[in-house]
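Working notes, structure below.
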Amino acid sequence: MPDNVQGPDRSDRAALRADCASCFGLCCVALTLTRSADFAIDKDAGKPCGNLQEDFRCGIHTELRTRGFPGCTVYDCFGAGQKVSRETFDGQDWRGAPRTARRMFQVFPVMRQLHELLWYLTEALSLEPARPLHGEIRRTLEETERLTHLPADAFLDLDVAGHRDIVAELLLRTSELVRATAPRRKKRDRRGADLIGARLKGADLRGVDLRGAYLIAADLTGADLRLADLTGADFRDADLSGADLTGSLFLTQAQLNAARGNAATKLPPSLRRPAHWDR
C-alpha cells in the first residue's frame with residue numbers, strides 16, 4: 001500500500017461494507033437476541049430469526065424499526081458476513097450443508113472483529129499527521145488481513161483479544177498525533193465519560209478524546225466534532241442534527257445508525273446518511 005493513500009473513502013473499503021445479498025444471513029442466525037428496546041424477541045445464538053427468509057433476506061427489512069427491531073438497523077458486520085459466506089466457506093451455505101453451520105457461526109463473530117479492525121486501520125493509514133506511524137500501521141493492517149484469510153478451523157485458536165490490544169495501542173498513538181493538530185482546549189480527554197443526556201448543543205469538541213464515552217441521548221445539535229476521537233463512543237439516540245463530523249476519527253456507520261440527525265449533519269465521505277434520519 002503506497003504512502004500517499006488518499007482519504008478514508010478509499011476504494012478498498014468496499015470490502016468492509018456489508019453486502020447482505022452475498023451473505024447467508026449470518027447476523028440473523030449466529031447472534032443472540034435479547035428482548036428489549038432493540039429487539040422484539042429472544043433468540044439463542046445459532047437459531048435463525050423468524051423473519052429470515054429462505055433466500056437469506058429479512059422479511060421485514062423495510063419495517064424493522066416499526067416492528068421492534070431497531071437493533072438490527074444499527075448492527076454492522078463490516079463485510080464479515082460475505083467474507084465468511086463466500087470465501088471462508090466457499091459459498092456453501094449452512095442450510096444446504098448443515099455440517100458447516102456450527103463452525104460458520106463460530107467464525108462469523110471473530111471475522112467481524114477482524115474486519116472492524118481493518119476499517120480502523122485503513123482510516124489510520126489515510127491520516128497525514130500520522131505519517132510517522134504509517135509503516136507500522138501498514139504492517140498491522142496486512143497482518144490483520146492475513147488473519148481474515150485463514151481456514152475456518154484456524155479461527156478457533158486465534159488470540160483476537162491480544163490482536164485487538166495491539167491495534168488499539170497503535171490507534172491511540174495515531175489519534176494523539178492527529179488530535180495534536182486541533183486547537184488547544186481544556187479537558188481534551190473525555191474518554192469513557194458519562195455524558196448521557198448531556199447538553200452539548202453547539203459545543204466545540206474539536207480534538208477531544210471521546211473514546212468509549214457514553215453520549216446516549218445527548219444533545220449534540222450543531223456541535224463541532226472535527227478531529228474528535230469517537231472510537232467506540234455510544235451515540236444511541238444522540239441528536240447530531242447540524243453537527244460537523246467531517247474529519248472525526250474512527251467513527252463507524254453503526255454509531256451513526258444508532259443516532260439521530262438531519263440533512264444538515266456533516267459526515268465523513270466514507271460514511272452514509274442513515275435512511276431513518278430523513279423520517
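Labels used: A, B, ... for chains in the order of the C-alpha cells, numbers from 1 for residues in each chain, and numbers from 1 for ligands as shown.
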Can you tell me which residues surround A:Phe56 at a distance of at most 9 Å, considering only C-alpha atoms, apart from same-chain residues fewer than 6 positions away, and format the answer as a list of chain:residue names?
A:Cys20, A:Ala21, A:Cys23, A:Phe24, A:Gly25, A:Leu26, A:Cys28
Pick out the closest residue to A:Thr174 from this set: A:His134, A:Arg57, A:Arg99, A:Arg211. Count only C-alpha atoms.
A:His134
Would you list, as a PyMOL selection string, the residues of stretch 79-270 of chain A that end up in helix (DSSP H, G or I) under DSSP run on this structure's backbone?
chain A and resi 80-88+98-125+128-148+152-155+160-179+253-258
Write out as a count of residues only which residues come within 12 Å of A:Ile60 when counting only C-alpha atoms, dropping same-chain ones fewer than 4 positions away.
14
Contacts of A:Pro151 within 12 Å, only C-alpha atoms, excl. fewer than 5 positions in-chain, as a ChimeraX atom specification
/A:83-84,87-90,103-104,107,111,146,156-158
When you look at A:Asp194 with a cut-off of 10 Å (counting only C-alpha atoms), what residues show up, excluding the ones that are within fewer than 6 positions of it in the same chain? I need them as a PyMOL selection string.
chain A and resi 212-216
For A:Arg131, which of A:Leu245, A:Leu177, A:Leu170, A:Gln113 is the closest residue, counting only C-alpha atoms?
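Checking each of A:Leu245, A:Leu177, A:Leu170, A:Gln113 against A:Arg131, counting only C-alpha atoms, the winner is A:Leu177.
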Give the answer as one residue: which of A:Ala161, A:Ala15, A:Leu33, A:Val178 has the shortest atom-to-atom distance to A:Pro132, using only C-alpha atoms?
A:Val178
Could you name the residues that touch A:Leu16 at 6 Å or less, counting only C-alpha atoms, but leaving out those on the same chain fewer than 3 positions away, as a ChimeraX atom specification?
/A:13,78-79
Using only C-alpha atoms for the distances, tell me which of A:Ala228, A:Gln255, A:Thr140, A:Gly242 is nearest to A:Lys201.
A:Gly242
List the neighbours of A:Thr34 out to 12 Å using only C-alpha atoms; skip same-chain residues closer than 2 positions along the sequence, and give me the result as an NGL selection string.
:A and (31-32 or 36-45 or 49 or 68-69 or 71-72)
Kindly export the residues of the current selection with all heavy atoms, as a short mmCIF file (atom, residue, chain, number, x, y, z; two decimals), in the first residue's frame.
data_model
loop_
_atom_site.label_atom_id
_atom_site.label_comp_id
_atom_site.auth_asym_id
_atom_site.auth_seq_id
_atom_site.Cartn_x
_atom_site.Cartn_y
_atom_site.Cartn_z
N LEU A 31 -26.01 -14.73 15.98
CA LEU A 31 -26.00 -13.87 17.17
C LEU A 31 -27.19 -14.13 18.09
O LEU A 31 -28.25 -14.58 17.66
CB LEU A 31 -26.00 -12.41 16.74
CG LEU A 31 -24.90 -11.99 15.75
CD1 LEU A 31 -25.02 -10.52 15.42
CD2 LEU A 31 -23.51 -12.32 16.32
N THR A 32 -26.98 -13.81 19.36
CA THR A 32 -28.06 -13.89 20.36
C THR A 32 -28.85 -12.59 20.36
O THR A 32 -28.27 -11.50 20.29
CB THR A 32 -27.47 -14.11 21.76
OG1 THR A 32 -26.76 -15.35 21.79
CG2 THR A 32 -28.57 -14.14 22.82
N SER A 36 -35.84 -6.57 24.19
CA SER A 36 -35.52 -5.27 24.78
C SER A 36 -36.04 -4.18 23.86
O SER A 36 -36.80 -4.45 22.93
CB SER A 36 -34.00 -5.12 24.93
OG SER A 36 -33.38 -5.17 23.65
N ALA A 37 -35.61 -2.95 24.12
CA ALA A 37 -36.00 -1.85 23.23
C ALA A 37 -35.38 -2.02 21.85
O ALA A 37 -35.85 -1.42 20.87
CB ALA A 37 -35.56 -0.52 23.83
N ASP A 38 -34.34 -2.87 21.76
CA ASP A 38 -33.66 -3.07 20.48
C ASP A 38 -34.21 -4.24 19.68
O ASP A 38 -34.16 -4.24 18.45
CB ASP A 38 -32.16 -3.30 20.72
CG ASP A 38 -31.46 -2.06 21.23
OD1 ASP A 38 -31.80 -0.96 20.75
OD2 ASP A 38 -30.59 -2.18 22.10
N PHE A 39 -34.72 -5.24 20.39
CA PHE A 39 -35.21 -6.45 19.72
C PHE A 39 -36.54 -6.89 20.33
O PHE A 39 -36.68 -6.93 21.55
CB PHE A 39 -34.19 -7.59 19.84
CG PHE A 39 -32.84 -7.24 19.27
CD1 PHE A 39 -31.77 -6.97 20.12
CD2 PHE A 39 -32.63 -7.17 17.90
CE1 PHE A 39 -30.53 -6.64 19.61
CE2 PHE A 39 -31.39 -6.84 17.38
CZ PHE A 39 -30.34 -6.57 18.24
N ALA A 40 -37.47 -7.26 19.47
CA ALA A 40 -38.81 -7.64 19.93
C ALA A 40 -38.89 -9.07 20.42
O ALA A 40 -39.92 -9.50 20.94
CB ALA A 40 -39.82 -7.42 18.80
N ILE A 41 -37.81 -9.84 20.26
CA ILE A 41 -37.83 -11.27 20.60
C ILE A 41 -36.55 -11.67 21.34
O ILE A 41 -35.54 -10.95 21.31
CB ILE A 41 -37.96 -12.15 19.35
CG1 ILE A 41 -36.75 -11.92 18.41
CG2 ILE A 41 -39.28 -11.88 18.63
CD1 ILE A 41 -36.68 -12.88 17.24
N ASP A 42 -36.63 -12.84 21.98
CA ASP A 42 -35.45 -13.52 22.49
C ASP A 42 -35.06 -14.57 21.46
O ASP A 42 -35.93 -15.26 20.91
CB ASP A 42 -35.74 -14.21 23.83
CG ASP A 42 -35.90 -13.23 24.98
OD1 ASP A 42 -35.10 -12.28 25.05
OD2 ASP A 42 -36.82 -13.42 25.79
N LYS A 43 -33.78 -14.69 21.17
CA LYS A 43 -33.31 -15.70 20.21
C LYS A 43 -31.93 -16.16 20.61
O LYS A 43 -31.04 -15.35 20.87
CB LYS A 43 -33.27 -15.12 18.79
CG LYS A 43 -32.92 -16.16 17.73
CD LYS A 43 -32.59 -15.52 16.40
CE LYS A 43 -31.19 -14.94 16.40
NZ LYS A 43 -30.14 -15.98 16.53
N ASP A 44 -31.74 -17.46 20.68
CA ASP A 44 -30.45 -18.02 21.02
C ASP A 44 -29.51 -17.97 19.82
O ASP A 44 -29.95 -18.02 18.66
CB ASP A 44 -30.58 -19.47 21.48
CG ASP A 44 -31.33 -19.60 22.79
OD1 ASP A 44 -31.27 -18.65 23.59
OD2 ASP A 44 -31.98 -20.64 23.01
N ALA A 45 -28.21 -17.89 20.08
CA ALA A 45 -27.21 -17.95 19.02
C ALA A 45 -27.33 -19.29 18.30
O ALA A 45 -27.48 -20.34 18.93
CB ALA A 45 -25.81 -17.80 19.61
N CYS A 49 -33.52 -16.27 13.06
CA CYS A 49 -34.61 -15.35 13.39
C CYS A 49 -35.83 -15.74 12.56
O CYS A 49 -35.70 -16.13 11.39
CB CYS A 49 -34.18 -13.91 13.08
SG CYS A 49 -35.51 -12.70 13.24
N GLY A 68 -40.17 -3.26 15.97
CA GLY A 68 -39.48 -3.54 17.22
C GLY A 68 -38.08 -4.10 17.10
O GLY A 68 -37.57 -4.69 18.05
N PHE A 69 -37.43 -3.88 15.94
CA PHE A 69 -36.07 -4.39 15.75
C PHE A 69 -35.09 -3.29 15.35
O PHE A 69 -34.31 -3.45 14.41
CB PHE A 69 -36.08 -5.48 14.66
CG PHE A 69 -36.78 -6.74 15.05
CD1 PHE A 69 -38.16 -6.87 14.86
CD2 PHE A 69 -36.09 -7.81 15.61
CE1 PHE A 69 -38.82 -8.03 15.22
CE2 PHE A 69 -36.74 -8.98 15.96
CZ PHE A 69 -38.12 -9.09 15.78
N GLY A 71 -32.42 -2.53 16.72
CA GLY A 71 -31.05 -3.04 16.90
C GLY A 71 -30.49 -3.64 15.63
O GLY A 71 -29.28 -3.59 15.39
N CYS A 72 -31.37 -4.20 14.80
CA CYS A 72 -30.91 -4.79 13.54
C CYS A 72 -30.46 -3.71 12.56
O CYS A 72 -29.55 -3.93 11.75
CB CYS A 72 -32.04 -5.61 12.90
SG CYS A 72 -32.53 -7.06 13.86
#
Using only C-alpha atoms: which of A:Val167, A:Ala154, A:Ala101, A:Ser270 has the shortest distance to A:Arg138:
A:Val167
Enumerate the residues of stretch 24-251 of chain A with a DSSP assignment of strand (DSSP E or B), computed from the backbone, and present them as a list in words.
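Answer for stretch 24-251 of chain A, restricted to strand (DSSP E or B): Leu33, Lys43, Leu52, Cys58, Asp189, Asp194, Arg199, Asp204, Asp209, Tyr214, Asp219, Asp224, Asp229, Asp234, Asp239, Asp244 and Leu249 of chain A.
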Go ahead and write the selection's residues with N, CA and C atoms as a short mmCIF file (atom, residue, chain, number, x, y, z; two decimals), in the first residue's frame.
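Saved to selection_24.cif:
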data_model
loop_
_atom_site.label_atom_id
_atom_site.label_comp_id
_atom_site.auth_asym_id
_atom_site.auth_seq_id
_atom_site.Cartn_x
_atom_site.Cartn_y
_atom_site.Cartn_z
N LEU A 33 -30.17 -12.69 20.41
CA LEU A 33 -31.03 -11.52 20.54
C LEU A 33 -31.74 -11.58 21.89
N LYS A 43 -33.78 -14.69 21.17
CA LYS A 43 -33.31 -15.70 20.21
C LYS A 43 -31.93 -16.16 20.61
N LEU A 52 -36.19 -14.37 8.99
CA LEU A 52 -35.23 -14.72 7.94
C LEU A 52 -35.91 -15.62 6.92
N CYS A 58 -34.10 -10.60 4.95
CA CYS A 58 -35.02 -10.29 6.04
C CYS A 58 -36.41 -9.99 5.48
N ASP A 189 -9.38 15.22 27.26
CA ASP A 189 -9.54 13.79 27.49
C ASP A 189 -10.87 13.52 28.18
N ASP A 194 -19.17 9.84 31.26
CA ASP A 194 -20.62 9.69 31.32
C ASP A 194 -21.25 11.00 30.87
N ARG A 199 -26.07 18.23 27.62
CA ARG A 199 -26.46 19.33 26.77
C ARG A 199 -25.20 19.93 26.13
N ASP A 204 -17.88 23.13 21.12
CA ASP A 204 -16.65 22.99 20.36
C ASP A 204 -15.89 21.80 20.93
N ASP A 209 -10.83 13.78 23.06
CA ASP A 209 -10.80 12.32 23.10
C ASP A 209 -12.10 11.84 23.74
N TYR A 214 -20.04 7.80 26.88
CA TYR A 214 -21.47 7.49 26.84
C TYR A 214 -22.22 8.77 26.49
N ASP A 219 -27.55 15.90 23.54
CA ASP A 219 -27.90 16.93 22.56
C ASP A 219 -26.61 17.47 21.97
N ASP A 224 -19.33 20.83 17.04
CA ASP A 224 -18.17 20.68 16.16
C ASP A 224 -17.32 19.52 16.66
N ASP A 229 -11.80 12.09 18.63
CA ASP A 229 -11.67 10.64 18.57
C ASP A 229 -12.97 10.03 19.09
N ASP A 234 -20.72 5.82 22.45
CA ASP A 234 -22.10 5.34 22.37
C ASP A 234 -23.03 6.50 22.02
N ASP A 239 -28.60 13.31 19.44
CA ASP A 239 -29.06 14.19 18.37
C ASP A 239 -27.87 14.87 17.72
N ASP A 244 -21.01 18.78 12.95
CA ASP A 244 -19.95 18.63 11.96
C ASP A 244 -19.05 17.47 12.38
N LEU A 249 -12.44 11.14 14.07
CA LEU A 249 -11.60 9.95 14.00
C LEU A 249 -12.36 8.69 14.42
#
